[in-house]
file target-v2.txt (compact mmCIF, C-alpha atoms)
# COMPACT_ATOMS: atom_id res chain seq x y z
CA MET A 198 -20.01 -12.46 -102.24
CA ILE A 199 -22.47 -10.96 -99.75
CA PRO A 200 -20.39 -8.28 -98.00
CA LEU A 201 -20.95 -6.78 -94.56
CA MET A 202 -22.21 -3.67 -96.33
CA ARG A 203 -22.78 -2.95 -100.00
CA ASN A 204 -22.84 0.82 -100.38
CA ALA A 205 -21.22 3.74 -98.64
CA PHE A 206 -24.52 5.62 -98.36
CA LEU A 207 -28.27 5.16 -98.20
CA GLY A 208 -29.52 6.37 -101.58
CA GLU A 209 -26.00 5.87 -102.95
CA ALA A 210 -26.17 7.51 -106.37
CA GLN A 211 -28.32 10.43 -105.23
CA THR A 212 -26.10 11.10 -102.22
CA ARG A 213 -22.86 11.00 -104.22
CA ARG A 214 -24.20 13.46 -106.78
CA ALA A 215 -25.44 15.79 -104.05
CA LEU A 216 -22.09 15.54 -102.23
CA ALA A 217 -20.12 16.38 -105.37
CA ASP A 218 -22.27 19.44 -105.98
CA PHE A 219 -21.97 20.51 -102.34
CA ILE A 220 -18.17 20.29 -102.38
CA LEU A 221 -18.01 22.31 -105.61
CA HIS A 222 -20.18 25.13 -104.33
CA ALA A 223 -19.92 25.24 -100.51
CA PRO A 224 -18.28 28.49 -99.35
CA ARG A 225 -16.61 26.67 -96.46
CA LEU A 226 -15.82 23.02 -95.69
CA SER A 227 -14.64 23.32 -92.07
CA MET A 228 -17.28 23.05 -89.32
CA ASP A 229 -20.00 25.63 -89.91
CA VAL A 230 -23.71 26.00 -90.71
CA LYS A 231 -24.38 22.49 -92.07
CA CYS A 232 -23.03 20.97 -88.86
CA ARG A 233 -25.30 23.20 -86.77
CA GLU A 234 -28.28 22.39 -89.00
CA PHE A 235 -27.64 18.68 -88.65
CA GLU A 236 -27.29 18.97 -84.87
CA SER A 237 -30.66 20.69 -84.59
CA THR A 238 -32.37 18.22 -86.93
CA PHE A 239 -30.91 15.14 -85.28
CA ALA A 240 -31.72 16.33 -81.75
CA SER A 241 -35.32 16.91 -82.80
CA GLN A 242 -35.53 13.45 -84.36
CA GLU A 243 -34.22 11.79 -81.20
CA GLY A 244 -36.39 13.90 -78.89
CA ARG A 245 -33.40 15.41 -77.08
CA ALA A 246 -32.68 19.02 -76.20
CA ALA A 247 -29.40 19.18 -78.11
CA ALA A 248 -26.94 17.24 -80.24
CA VAL A 249 -23.20 17.84 -80.59
CA LEU A 250 -21.57 16.56 -83.78
CA PHE A 251 -18.11 14.93 -83.75
CA ASN A 252 -15.66 13.50 -86.26
CA SER A 253 -16.42 9.90 -85.18
CA GLY A 254 -18.48 7.80 -82.80
CA GLY A 255 -15.29 6.95 -80.92
CA SER A 256 -14.60 10.66 -80.44
CA ALA A 257 -18.17 11.09 -79.18
CA ASN A 258 -17.53 8.39 -76.56
CA LEU A 259 -14.27 10.02 -75.48
CA ALA A 260 -15.93 13.43 -75.25
CA MET A 261 -18.74 12.14 -73.04
CA VAL A 262 -16.29 10.75 -70.49
CA GLN A 263 -14.07 13.85 -70.62
CA ALA A 264 -17.07 16.15 -70.18
CA LEU A 265 -18.22 14.26 -67.08
CA LYS A 266 -14.72 14.59 -65.62
CA ASN A 267 -14.36 18.25 -66.54
CA ILE A 268 -17.53 19.23 -64.68
CA GLY A 269 -16.62 17.07 -61.69
CA ARG A 270 -19.32 14.42 -61.92
CA LEU A 271 -16.60 11.80 -62.35
CA LYS A 272 -13.23 11.87 -60.59
CA ASP A 273 -9.99 9.92 -60.83
CA GLY A 274 -10.44 6.42 -59.47
CA ASP A 275 -14.24 6.33 -59.76
CA LYS A 276 -15.65 2.96 -60.79
CA VAL A 277 -17.55 3.03 -64.06
CA GLY A 278 -19.47 0.00 -65.29
CA PHE A 279 -19.48 -0.96 -68.94
CA SER A 280 -21.26 -3.59 -71.03
CA ALA A 281 -18.90 -6.56 -71.24
CA VAL A 282 -19.84 -7.06 -74.90
CA THR A 283 -19.00 -3.73 -76.49
CA TRP A 284 -16.43 -1.84 -78.54
CA SER A 285 -12.95 -0.71 -77.54
CA THR A 286 -13.80 2.99 -77.57
CA ASN A 287 -16.21 2.51 -74.66
CA ILE A 288 -13.52 1.20 -72.33
CA MET A 289 -10.36 2.91 -73.52
CA PRO A 290 -11.51 6.43 -72.50
CA LEU A 291 -12.23 5.13 -69.00
CA ILE A 292 -8.68 3.81 -68.72
CA GLN A 293 -7.09 6.82 -70.42
CA LEU A 294 -8.88 9.26 -68.13
CA GLY A 295 -8.00 7.59 -64.83
CA LEU A 296 -11.27 5.81 -64.10
CA ARG A 297 -11.70 2.19 -63.02
CA PRO A 298 -13.63 0.13 -65.57
CA VAL A 299 -15.95 -2.55 -64.20
CA PRO A 300 -17.45 -5.07 -66.65
CA VAL A 301 -21.15 -5.90 -66.41
CA ASP A 302 -22.16 -9.19 -67.98
CA CYS A 303 -24.64 -9.45 -70.84
CA ASP A 304 -27.66 -11.73 -70.94
CA ARG A 305 -27.89 -14.61 -73.44
CA SER A 306 -31.53 -13.90 -74.19
CA THR A 307 -31.09 -10.23 -75.14
CA LEU A 308 -27.37 -9.86 -75.95
CA ASN A 309 -27.34 -6.90 -73.56
CA VAL A 310 -26.95 -5.85 -69.94
CA MET A 311 -30.13 -6.38 -67.91
CA SER A 312 -31.17 -4.51 -64.77
CA THR A 313 -30.85 -7.57 -62.51
CA GLU A 314 -27.17 -8.08 -63.34
CA LEU A 315 -26.47 -4.36 -63.14
CA ALA A 316 -28.09 -4.22 -59.68
CA ARG A 317 -25.82 -7.03 -58.52
CA VAL A 318 -22.69 -5.24 -59.77
CA ILE A 319 -23.76 -1.90 -58.30
CA SER A 320 -24.27 -3.48 -54.89
CA GLN A 321 -20.84 -5.13 -54.95
CA LYS A 322 -18.71 -2.50 -56.72
CA LYS A 323 -20.45 0.76 -55.78
CA LEU A 324 -20.40 2.15 -59.30
CA LYS A 325 -20.36 5.89 -59.86
CA ALA A 326 -21.52 5.58 -63.48
CA MET A 327 -22.64 3.05 -66.08
CA PHE A 328 -21.60 3.28 -69.74
CA LEU A 329 -24.23 1.10 -71.40
CA THR A 330 -23.98 -0.27 -74.95
CA ASN A 331 -27.08 -1.16 -76.96
CA VAL A 332 -25.60 -4.04 -78.96
CA LEU A 333 -26.40 -4.58 -82.66
CA GLY A 334 -29.67 -2.66 -82.44
CA LEU A 335 -30.95 -4.78 -79.56
CA CYS A 336 -31.08 -3.62 -75.96
CA GLY A 337 -31.81 -4.68 -72.40
CA ASP A 338 -34.64 -3.52 -70.15
CA LEU A 339 -33.71 0.15 -70.49
CA PRO A 340 -36.58 1.63 -68.42
CA ALA A 341 -35.67 -0.60 -65.47
CA ILE A 342 -31.98 0.21 -65.90
CA ARG A 343 -32.73 3.93 -65.90
CA ALA A 344 -34.88 3.62 -62.76
CA LEU A 345 -32.19 1.56 -61.02
CA CYS A 346 -29.44 4.05 -61.82
CA LYS A 347 -31.57 6.96 -60.64
CA ALA A 348 -32.37 5.18 -57.37
CA LYS A 349 -28.71 4.30 -56.75
CA GLY A 350 -27.23 7.63 -57.80
CA VAL A 351 -25.40 6.09 -60.76
CA ILE A 352 -24.79 8.27 -63.82
CA LEU A 353 -26.17 6.42 -66.85
CA PHE A 354 -24.90 7.22 -70.33
CA GLU A 355 -25.41 5.18 -73.48
CA ASP A 356 -23.46 4.07 -76.50
CA ASN A 357 -26.25 3.89 -79.07
CA CYS A 358 -23.90 3.66 -82.05
CA GLU A 359 -25.37 0.30 -83.05
CA ALA A 360 -29.03 1.03 -82.31
CA LEU A 361 -30.02 4.22 -84.11
CA GLY A 362 -33.78 3.90 -84.68
CA THR A 363 -34.54 1.15 -82.15
CA GLU A 364 -37.64 1.95 -80.09
CA LEU A 365 -39.28 0.68 -76.90
CA PRO A 366 -42.76 1.62 -75.65
CA GLU A 367 -41.05 3.99 -73.20
CA GLY A 368 -38.84 5.74 -75.77
CA ARG A 369 -36.03 5.41 -78.26
CA ALA A 370 -32.83 3.58 -77.44
CA GLY A 371 -30.31 6.30 -76.71
CA SER A 372 -32.81 8.41 -74.77
CA PHE A 373 -32.51 6.73 -71.36
CA GLY A 374 -29.18 8.14 -70.15
CA VAL A 375 -27.97 11.67 -69.46
CA MET A 376 -26.10 11.45 -72.77
CA SER A 377 -25.90 9.02 -75.66
CA SER A 378 -23.48 8.58 -78.54
CA PHE A 379 -24.27 7.62 -82.14
CA SER A 380 -21.91 6.60 -84.93
CA PHE A 381 -22.15 7.44 -88.62
CA TYR A 382 -19.24 5.27 -89.69
CA VAL A 383 -19.63 3.96 -93.20
CA ALA A 384 -20.91 0.51 -92.12
CA HIS A 385 -23.51 1.78 -89.64
CA HIS A 386 -27.18 2.67 -90.01
CA MET A 387 -26.42 5.88 -91.88
CA SER A 388 -23.06 7.03 -93.14
CA THR A 389 -21.20 10.32 -93.13
CA ILE A 390 -18.08 8.23 -93.94
CA GLU A 391 -16.73 9.03 -90.49
CA GLY A 392 -18.79 10.88 -87.91
CA GLY A 393 -20.62 10.68 -84.62
CA VAL A 394 -22.87 12.69 -82.37
CA VAL A 395 -23.82 13.00 -78.71
CA CYS A 396 -27.43 13.69 -77.75
CA VAL A 397 -27.93 15.43 -74.42
CA ASP A 398 -30.61 17.25 -72.41
CA ASP A 399 -28.39 18.79 -69.70
CA PRO A 400 -27.23 22.33 -70.67
CA GLU A 401 -24.07 22.06 -68.55
CA LEU A 402 -23.04 18.86 -70.29
CA GLU A 403 -23.89 20.27 -73.71
CA GLU A 404 -21.70 23.31 -73.10
CA MET A 405 -18.81 21.17 -71.89
CA LEU A 406 -19.12 18.79 -74.84
CA ARG A 407 -18.66 21.75 -77.19
CA ILE A 408 -15.63 22.88 -75.18
CA VAL A 409 -14.14 19.37 -75.21
CA ARG A 410 -14.76 19.03 -78.96
CA ALA A 411 -12.75 22.11 -79.89
CA ASN A 412 -9.48 22.31 -77.97
CA GLY A 413 -11.03 23.55 -74.74
CA TRP A 414 -11.99 26.98 -76.09
CA ASP A 415 -15.35 28.75 -76.35
CA ARG A 416 -15.71 29.56 -80.05
CA ASN A 417 -18.70 27.32 -80.62
CA LEU A 418 -20.69 28.46 -77.58
CA THR A 419 -23.46 31.03 -77.52
CA ALA A 420 -22.61 34.67 -76.92
CA ARG A 421 -24.13 34.43 -73.44
CA GLN A 422 -22.04 31.38 -72.55
CA GLN A 423 -18.91 33.07 -73.87
CA ALA A 424 -19.58 36.20 -71.85
CA ARG A 425 -20.03 34.19 -68.65
CA LEU A 426 -16.84 32.19 -69.14
CA ARG A 427 -14.79 35.27 -70.05
CA LYS A 428 -16.05 37.20 -67.04
CA THR A 429 -15.36 34.25 -64.71
CA HIS A 430 -11.79 33.88 -65.96
CA GLY A 431 -10.96 37.56 -66.39
CA ILE A 432 -10.65 37.53 -70.17
CA LYS A 433 -10.68 41.22 -70.99
CA ASP A 434 -11.26 41.40 -74.74
CA GLU A 435 -12.23 39.52 -77.87
CA PHE A 436 -8.64 39.37 -79.08
CA GLN A 437 -7.44 37.55 -75.95
CA SER A 438 -10.40 35.18 -76.06
CA LYS A 439 -9.34 33.79 -79.45
CA TYR A 440 -6.68 31.61 -77.83
CA THR A 441 -8.06 31.13 -74.34
CA PHE A 442 -8.58 27.51 -73.25
CA TYR A 443 -10.99 26.88 -70.38
CA ASP A 444 -10.84 23.14 -69.82
CA LEU A 445 -9.37 19.88 -71.11
CA GLY A 446 -10.28 19.15 -74.69
CA TYR A 447 -9.22 17.78 -78.06
CA ASN A 448 -9.71 18.54 -81.73
CA LEU A 449 -12.70 16.27 -82.40
CA ARG A 450 -14.47 18.60 -84.81
CA PRO A 451 -16.37 17.36 -87.86
CA SER A 452 -16.32 19.03 -91.26
CA GLU A 453 -19.17 20.58 -93.18
CA ILE A 454 -19.13 17.42 -95.31
CA THR A 455 -20.14 15.48 -92.18
CA GLY A 456 -23.05 17.80 -91.52
CA PHE A 457 -24.17 17.82 -95.15
CA LEU A 458 -24.05 14.04 -95.47
CA GLY A 459 -25.88 13.62 -92.18
CA LEU A 460 -28.77 15.73 -93.45
CA GLU A 461 -28.86 13.80 -96.74
CA GLN A 462 -28.81 10.42 -94.99
CA LEU A 463 -31.61 11.31 -92.59
CA LYS A 464 -33.92 11.50 -95.63
CA HIS A 465 -33.48 7.74 -96.16
CA LEU A 466 -33.14 6.54 -92.57
CA ASP A 467 -36.73 5.65 -91.75
CA ALA A 468 -37.15 3.42 -94.79
CA ALA A 469 -33.76 1.83 -94.14
CA VAL A 470 -34.66 0.96 -90.55
CA GLY A 471 -37.88 -0.63 -91.77
CA ALA A 472 -35.94 -2.78 -94.24
CA ARG A 473 -33.42 -3.82 -91.59
CA GLU A 474 -36.21 -4.85 -89.22
CA ALA A 475 -37.96 -6.87 -91.92
CA ASN A 476 -34.69 -8.65 -92.75
CA TYR A 477 -34.02 -9.38 -89.08
CA ASP A 478 -37.46 -10.88 -88.52
CA ARG A 479 -37.12 -12.96 -91.66
CA PHE A 480 -33.75 -14.37 -90.59
CA ALA A 481 -35.01 -14.94 -87.04
CA LEU A 482 -37.78 -17.15 -88.45
CA SER A 483 -35.11 -19.37 -89.98
CA LEU A 484 -33.92 -20.22 -86.46
CA ALA A 485 -37.31 -21.55 -85.31
CA GLY A 486 -36.92 -25.03 -83.93
CA SER A 487 -33.16 -25.14 -84.50
CA GLU A 488 -31.25 -27.48 -82.21
CA ASP A 489 -27.97 -25.73 -82.97
CA LEU A 490 -28.76 -22.00 -83.02
CA LEU A 491 -30.34 -19.79 -80.36
CA SER A 492 -32.93 -17.06 -80.82
CA LEU A 493 -32.91 -13.72 -79.01
CA ASN A 494 -35.76 -12.04 -77.16
CA ARG A 495 -36.90 -8.80 -78.78
CA SER A 496 -40.42 -8.78 -77.32
CA HIS A 497 -39.70 -5.60 -75.32
CA ILE A 498 -38.68 -3.75 -78.50
CA THR A 499 -41.38 -2.16 -80.67
CA ARG A 500 -39.05 -1.22 -83.54
CA LEU A 501 -35.73 -2.96 -84.10
CA SER A 502 -32.98 -1.17 -85.99
CA ASN A 503 -30.51 -4.00 -86.48
CA PHE A 504 -27.44 -3.53 -88.69
CA ALA A 505 -25.82 -6.95 -88.26
CA PHE A 506 -27.56 -10.23 -87.48
CA PRO A 507 -26.07 -12.23 -84.57
CA VAL A 508 -25.69 -15.97 -85.03
CA LEU A 509 -25.57 -17.66 -81.60
CA CYS A 510 -24.39 -21.26 -81.67
CA ARG A 511 -24.87 -23.64 -78.76
CA THR A 512 -21.24 -24.81 -78.75
CA PRO A 513 -17.91 -23.76 -80.27
CA LYS A 514 -17.97 -26.88 -82.43
CA ILE A 515 -21.30 -25.86 -83.94
CA LYS A 516 -19.95 -22.34 -84.46
CA ARG A 517 -17.02 -23.68 -86.49
CA ARG A 518 -19.35 -25.72 -88.66
CA VAL A 519 -21.89 -22.95 -89.27
CA LEU A 520 -19.20 -20.32 -89.83
CA ALA A 521 -17.56 -22.57 -92.43
CA ARG A 522 -20.92 -22.85 -94.22
CA PHE A 523 -21.30 -19.06 -94.35
CA GLN A 524 -17.75 -18.65 -95.60
CA ALA A 525 -18.26 -21.29 -98.30
CA ALA A 526 -21.40 -19.43 -99.45
CA GLY A 527 -19.43 -16.19 -99.79
CA ILE A 528 -21.21 -14.42 -96.91
CA GLU A 529 -18.85 -12.07 -95.09
CA THR A 530 -18.84 -12.49 -91.30
CA ARG A 531 -17.24 -10.98 -88.20
CA PRO A 532 -16.87 -11.86 -84.52
CA LEU A 533 -19.79 -10.65 -82.42
CA ILE A 534 -18.26 -7.19 -82.10
CA ALA A 535 -15.30 -7.71 -79.74
CA GLY A 536 -16.76 -10.55 -77.69
CA ASN A 537 -15.81 -10.44 -74.02
CA MET A 538 -13.80 -7.23 -73.77
CA VAL A 539 -12.03 -8.45 -70.64
CA ARG A 540 -10.29 -11.03 -72.85
CA GLN A 541 -8.81 -8.37 -75.13
CA PRO A 542 -5.00 -7.80 -74.88
CA PHE A 543 -5.24 -4.10 -74.00
CA TYR A 544 -7.55 -4.86 -71.06
CA ALA A 545 -5.11 -7.36 -69.56
CA LYS A 546 -2.26 -4.86 -70.02
CA TYR A 547 -3.90 -1.78 -68.53
CA VAL A 548 -6.47 -3.15 -66.09
CA GLY A 549 -5.09 -6.58 -65.21
CA GLY A 550 -6.02 -8.56 -62.14
CA PRO A 551 -7.88 -11.87 -62.08
CA PRO A 552 -10.51 -11.91 -64.86
CA PRO A 553 -14.06 -11.64 -63.50
CA ARG A 554 -16.58 -14.37 -64.20
CA LEU A 555 -18.68 -13.26 -67.18
CA PRO A 556 -20.50 -16.34 -68.49
CA GLY A 557 -22.74 -14.40 -70.88
CA ALA A 558 -19.89 -12.48 -72.49
CA ASP A 559 -17.78 -15.63 -72.66
CA PHE A 560 -20.61 -17.44 -74.40
CA PHE A 561 -20.86 -14.72 -77.06
CA HIS A 562 -17.07 -14.62 -77.39
CA ASP A 563 -16.75 -18.36 -78.03
CA ASN A 564 -19.99 -19.29 -79.76
CA SER A 565 -21.11 -16.35 -81.90
CA PHE A 566 -20.53 -14.31 -85.04
CA TYR A 567 -22.54 -11.91 -87.17
CA PHE A 568 -23.25 -11.06 -90.80
CA GLY A 569 -24.39 -7.77 -92.28
CA ASN A 570 -28.02 -6.68 -92.41
CA TYR A 571 -28.78 -3.72 -94.68
CA PRO A 572 -31.49 -2.49 -97.06
CA GLU A 573 -29.60 -3.47 -100.22
CA LEU A 574 -29.75 -7.22 -99.49
CA THR A 575 -31.46 -8.82 -102.48
CA GLU A 576 -33.94 -11.68 -102.46
CA GLU A 577 -31.15 -13.94 -103.68
CA ASP A 578 -28.93 -12.76 -100.81
CA CYS A 579 -31.65 -13.43 -98.25
CA LEU A 580 -32.33 -16.91 -99.59
CA ALA A 581 -28.62 -17.77 -99.40
CA ILE A 582 -28.46 -16.52 -95.80
CA GLU A 583 -31.61 -18.40 -94.80
CA SER A 584 -30.18 -21.58 -96.29
CA CYS A 585 -27.04 -21.25 -94.18
CA LEU A 586 -29.08 -20.63 -91.03
CA ARG A 587 -31.38 -23.60 -91.60
CA ARG A 588 -28.85 -26.19 -92.73
CA THR A 589 -27.06 -26.64 -89.42
CA ALA A 590 -27.20 -30.40 -89.06

call {"tool": "encode", "arguments": {"input": "target-v2.txt", "output": "structure tokens"}}
result
Amino acid sequence: MIPLMRNAFLGEAQTRRALADFILHAPRLSMDVKCREFESTFASQEGRAAAVLFNSGGSANLAMVQALKNIGRLKDGDKVGFSAVTWSTNIMPLIQLGLRPVPVDCDRSTLNVMSTELARVISQKKLKAMFLTNVLGLCGDLPAIRALCKAKGVILFEDNCEALGTELPEGRAGSFGVMSSFSFYVAHHMSTIEGGVVCVDDPELEEMLRIVRANGWDRNLTARQQARLRKTHGIKDEFQSKYTFYDLGYNLRPSEITGFLGLEQLKHLDAAVGAREANYDRFALSLAGSEDLLSLNRSHITRLSNFAFPVLCRTPKIKRRVLARFQAAGIETRPLIAGNMVRQPFYAKYVGGPPPRLPGADFFHDNSFYFGNYPELTEEDCLAIESCLRRTA
């Protein structure tokens, strides 16, 4: 069996021993100094002004949308674009918070939204914002997308949960929007078991993300921020401030375990990304000249941090045949994330209306699947995978 992922952590044995020792000796396990240390370290790594740690990547997505609403940059009924091939927690917050989700199709050659298609949707739908997903470590033409959104007054924010470590000449994936989310779920690039973070440069958004994360109160803000809020709202003393709630929020806080594990995993991340990229390029070579399987364009990406390899079949019939071969070889597979999200039951229930034409997303929905790509794949594993990719006749 070649599973989707083999270990819970990068540096499995070392991380487990360190975690056990931390739990035995840490003075506090609720959110505290390790979370703040991780936020500072991660923000520096990503080249952003700040990072706000959450209990999951899904919570990070929810918090980004809520923060934009709380500060008035998004309002009820605003149209927000989303990558049609994505995860449920990109779309559900839009629906839950009274926004109008608008799917943007993804390109067959990159697996992602491209600026040309986004420009077409913006001109027709007059989007207020675009929630962009960088799928499976790949991405579209992010510099052009950023320039387009700036020119059209569209708020761009990114789900980079699947692309931690991917780089373009113009910057890292996850650095092109006003905010970006990352996931540290156990099967992603680095694991804190559950966990996520939002990177942000805008001080107003950072402050609101911290308010949203913790029930709407100010306990995790700086003393200066607290003083301003308390003066504005007439909070007269420290005692009253303990249970004063300034805006809409949730309990999305991480634990100190999340912060500790994040710091441990960052030690191994660079080597792990290198291994993932080498695996991806090796598997991509197996597709050369295939009449059944399609290759993707990664020429605009200087470093590819892929955590699952997409297998794109020309027809559903070929997909069934190739998928059966992988299953017979004991290689665990999954649909290409959620395929065309418009075809998901919740979308029909809560958004409804005639389904838009999304040929790219439909193609991925009907013709594609993925298998895991991680540093622990052995030579034997890679040979078995290559055999399944090559023997498509």

call {"tool": "closest_residue", "arguments": {"input": "target-v2.txt", "among": "A:Ile498, A:Ile199, A:Leu460, A:Leu308", "to": "Cys579 in chain A", "atoms": "only C-alpha atoms"}}
result
A:Ile199

call {"tool": "closest_atom_pairs", "arguments": {"input": "target-v2.txt", "of": "range 293-324 of chain A", "to": "range 268-273 of chain A", "cutoff": "12 Å", "atoms": "only C-alpha atoms", "output": "JSON lines"}}
result
{"residue": "A:Gln293", "atom": "CA", "partner": "A:Asp273", "partner_atom": "CA", "distance": 10.5}
{"residue": "A:Leu294", "atom": "CA", "partner": "A:Asp273", "partner_atom": "CA", "distance": 7.4}
{"residue": "A:Gly295", "atom": "CA", "partner": "A:Asp273", "partner_atom": "CA", "distance": 5.0}
{"residue": "A:Leu296", "atom": "CA", "partner": "A:Asp273", "partner_atom": "CA", "distance": 5.4}
{"residue": "A:Arg297", "atom": "CA", "partner": "A:Asp273", "partner_atom": "CA", "distance": 8.2}
{"residue": "A:Pro298", "atom": "CA", "partner": "A:Asp273", "partner_atom": "CA", "distance": 11.5}
{"residue": "A:Leu324", "atom": "CA", "partner": "A:Leu271", "partner_atom": "CA", "distance": 10.8}

call {"tool": "residues_around", "arguments": {"input": "target-v2.txt", "residues": "Glu453 in chain A", "least_positions_apart": "3", "cutoff": "10 Å", "atoms": "only C-alpha atoms", "output": "NGL selection string"}}
result
:A and (219-220 or 223 or 225-233 or 235 or 450 or 456-459)

call {"tool": "closest_residue", "arguments": {"input": "target-v2.txt", "among": "A:Ser280, A:Ser452, A:Thr512, A:Arg416", "to": "Ser438 in chain A", "atoms": "all atoms listed in the file"}}
result
A:Arg416

call {"tool": "atom_distance", "arguments": {"input": "target-v2.txt", "atom1": "CA of Ile515 in chain A", "atom2": "CA of Glu583 in chain A"}}
result
16.7 Å

call {"tool": "residues_around", "arguments": {"input": "target-v2.txt", "residues": "Glu461 in chain A", "least_positions_apart": "4", "cutoff": "12 Å", "atoms": "only C-alpha atoms", "output": "list in words"}}
result
Phe206, Leu207, Gly208, Glu209, Ala210, Gln211, Thr212, Arg213, Arg214, Ala215, Leu216, Phe219, Lys231, Glu234, Phe235, Thr238, Phe239, Met387, Ser388, Thr389, Ile454, Thr455, Gly456, Phe457, His465 and Leu466 of chain A

call {"tool": "residues_around", "arguments": {"input": "target-v2.txt", "residues": "Pro513 in chain A", "least_positions_apart": "6", "cutoff": "10 Å", "atoms": "only C-alpha atoms", "output": "ChimeraX atom specification"}}
result
/A:519,560,562-565

call {"tool": "write_last_selection", "arguments": {"input": "target-v2.txt", "atoms": "C-alpha atoms", "output": "tab-separated table (two decimals), keeping the file's coordinate frame"}}
result
chain	number	residue	atom	x	y	z
A	519	VAL	CA	-21.89	-22.95	-89.27
A	560	PHE	CA	-20.61	-17.44	-74.40
A	562	HIS	CA	-17.07	-14.62	-77.39
A	563	ASP	CA	-16.75	-18.36	-78.03
A	564	ASN	CA	-19.99	-19.29	-79.76
A	565	SER	CA	-21.11	-16.35	-81.90

call {"tool": "residues_around", "arguments": {"input": "target-v2.txt", "residues": "range 335-337 of chain A", "least_positions_apart": "2", "cutoff": "6 Å", "atoms": "all atoms listed in the file", "output": "list of chain:residue names"}}
result
A:Asn309, A:Val310, A:Met311, A:Asn331, A:Val332, A:Leu333, A:Leu339

call {"tool": "atom_distance", "arguments": {"input": "target-v2.txt", "atom1": "CA of Val395 in chain A", "atom2": "CA of Val249 in chain A"}}
result
5.2 Å

call {"tool": "residues_around", "arguments": {"input": "target-v2.txt", "residues": "range 546-558 of chain A", "least_positions_apart": "6", "cutoff": "9 Å", "atoms": "only C-alpha atoms", "output": "ChimeraX atom specification"}}
result
/A:281-282,292,297-298,300-305,308,536-540

call {"tool": "write_last_selection", "arguments": {"input": "target-v2.txt", "atoms": "C-alpha atoms", "output": "short mmCIF file (atom, residue, chain, number, x, y, z; two decimals), in the coordinates of the input"}}
result
data_model
loop_
_atom_site.label_atom_id
_atom_site.label_comp_id
_atom_site.auth_asym_id
_atom_site.auth_seq_id
_atom_site.Cartn_x
_atom_site.Cartn_y
_atom_site.Cartn_z
CA ALA A 281 -18.90 -6.56 -71.24
CA VAL A 282 -19.84 -7.06 -74.90
CA ILE A 292 -8.68 3.81 -68.72
CA ARG A 297 -11.70 2.19 -63.02
CA PRO A 298 -13.63 0.13 -65.57
CA PRO A 300 -17.45 -5.07 -66.65
CA VAL A 301 -21.15 -5.90 -66.41
CA ASP A 302 -22.16 -9.19 -67.98
CA CYS A 303 -24.64 -9.45 -70.84
CA ASP A 304 -27.66 -11.73 -70.94
CA ARG A 305 -27.89 -14.61 -73.44
CA LEU A 308 -27.37 -9.86 -75.95
CA GLY A 536 -16.76 -10.55 -77.69
CA ASN A 537 -15.81 -10.44 -74.02
CA MET A 538 -13.80 -7.23 -73.77
CA VAL A 539 -12.03 -8.45 -70.64
CA ARG A 540 -10.29 -11.03 -72.85
#

call {"tool": "atom_distance", "arguments": {"input": "target-v2.txt", "atom1": "CA of Leu520 in chain A", "atom2": "CA of Cys585 in chain A"}}
result
9.0 Å

call {"tool": "residues_near_point", "arguments": {"input": "target-v2.txt", "point": "(-22.3, 24.3, -72.7)", "cutoff": "12 Å", "atoms": "all atoms listed in the file", "output": "VMD selection string"}}
result
chain A and resid 247 to 249 264 267 to 268 397 to 410 413 to 423 425 to 426 443 to 444

call {"tool": "closest_residue", "arguments": {"input": "target-v2.txt", "among": "A:Gln437, A:Gly278, A:Ile432, A:Ser306", "to": "Gln321 in chain A", "atoms": "all atoms listed in the file"}}
result
A:Gly278

call {"tool": "residues_near_point", "arguments": {"input": "target-v2.txt", "point": "(-20.6, 2.6, -81.7)", "cutoff": "10 Å", "atoms": "all atoms listed in the file", "output": "VMD selection string"}}
result
chain A and resid 253 to 255 257 to 258 283 to 287 330 to 333 355 to 361 378 to 382 385 393

call {"tool": "closest_residue", "arguments": {"input": "target-v2.txt", "among": "A:Phe561, A:Tyr447, A:Tyr571, A:Phe543", "to": "Ala505 in chain A", "atoms": "only C-alpha atoms"}}
result
A:Tyr571

call {"tool": "closest_residue", "arguments": {"input": "target-v2.txt", "among": "A:His222, A:Ser312, A:Ala341, A:Leu265", "to": "Leu291 in chain A", "atoms": "all atoms listed in the file"}}
result
A:Leu265

call {"tool": "closest_residue", "arguments": {"input": "target-v2.txt", "among": "A:Gly374, A:Pro224, A:Gly334, A:Gly569", "to": "Ile528 in chain A", "atoms": "all atoms listed in the file"}}
result
A:Gly569
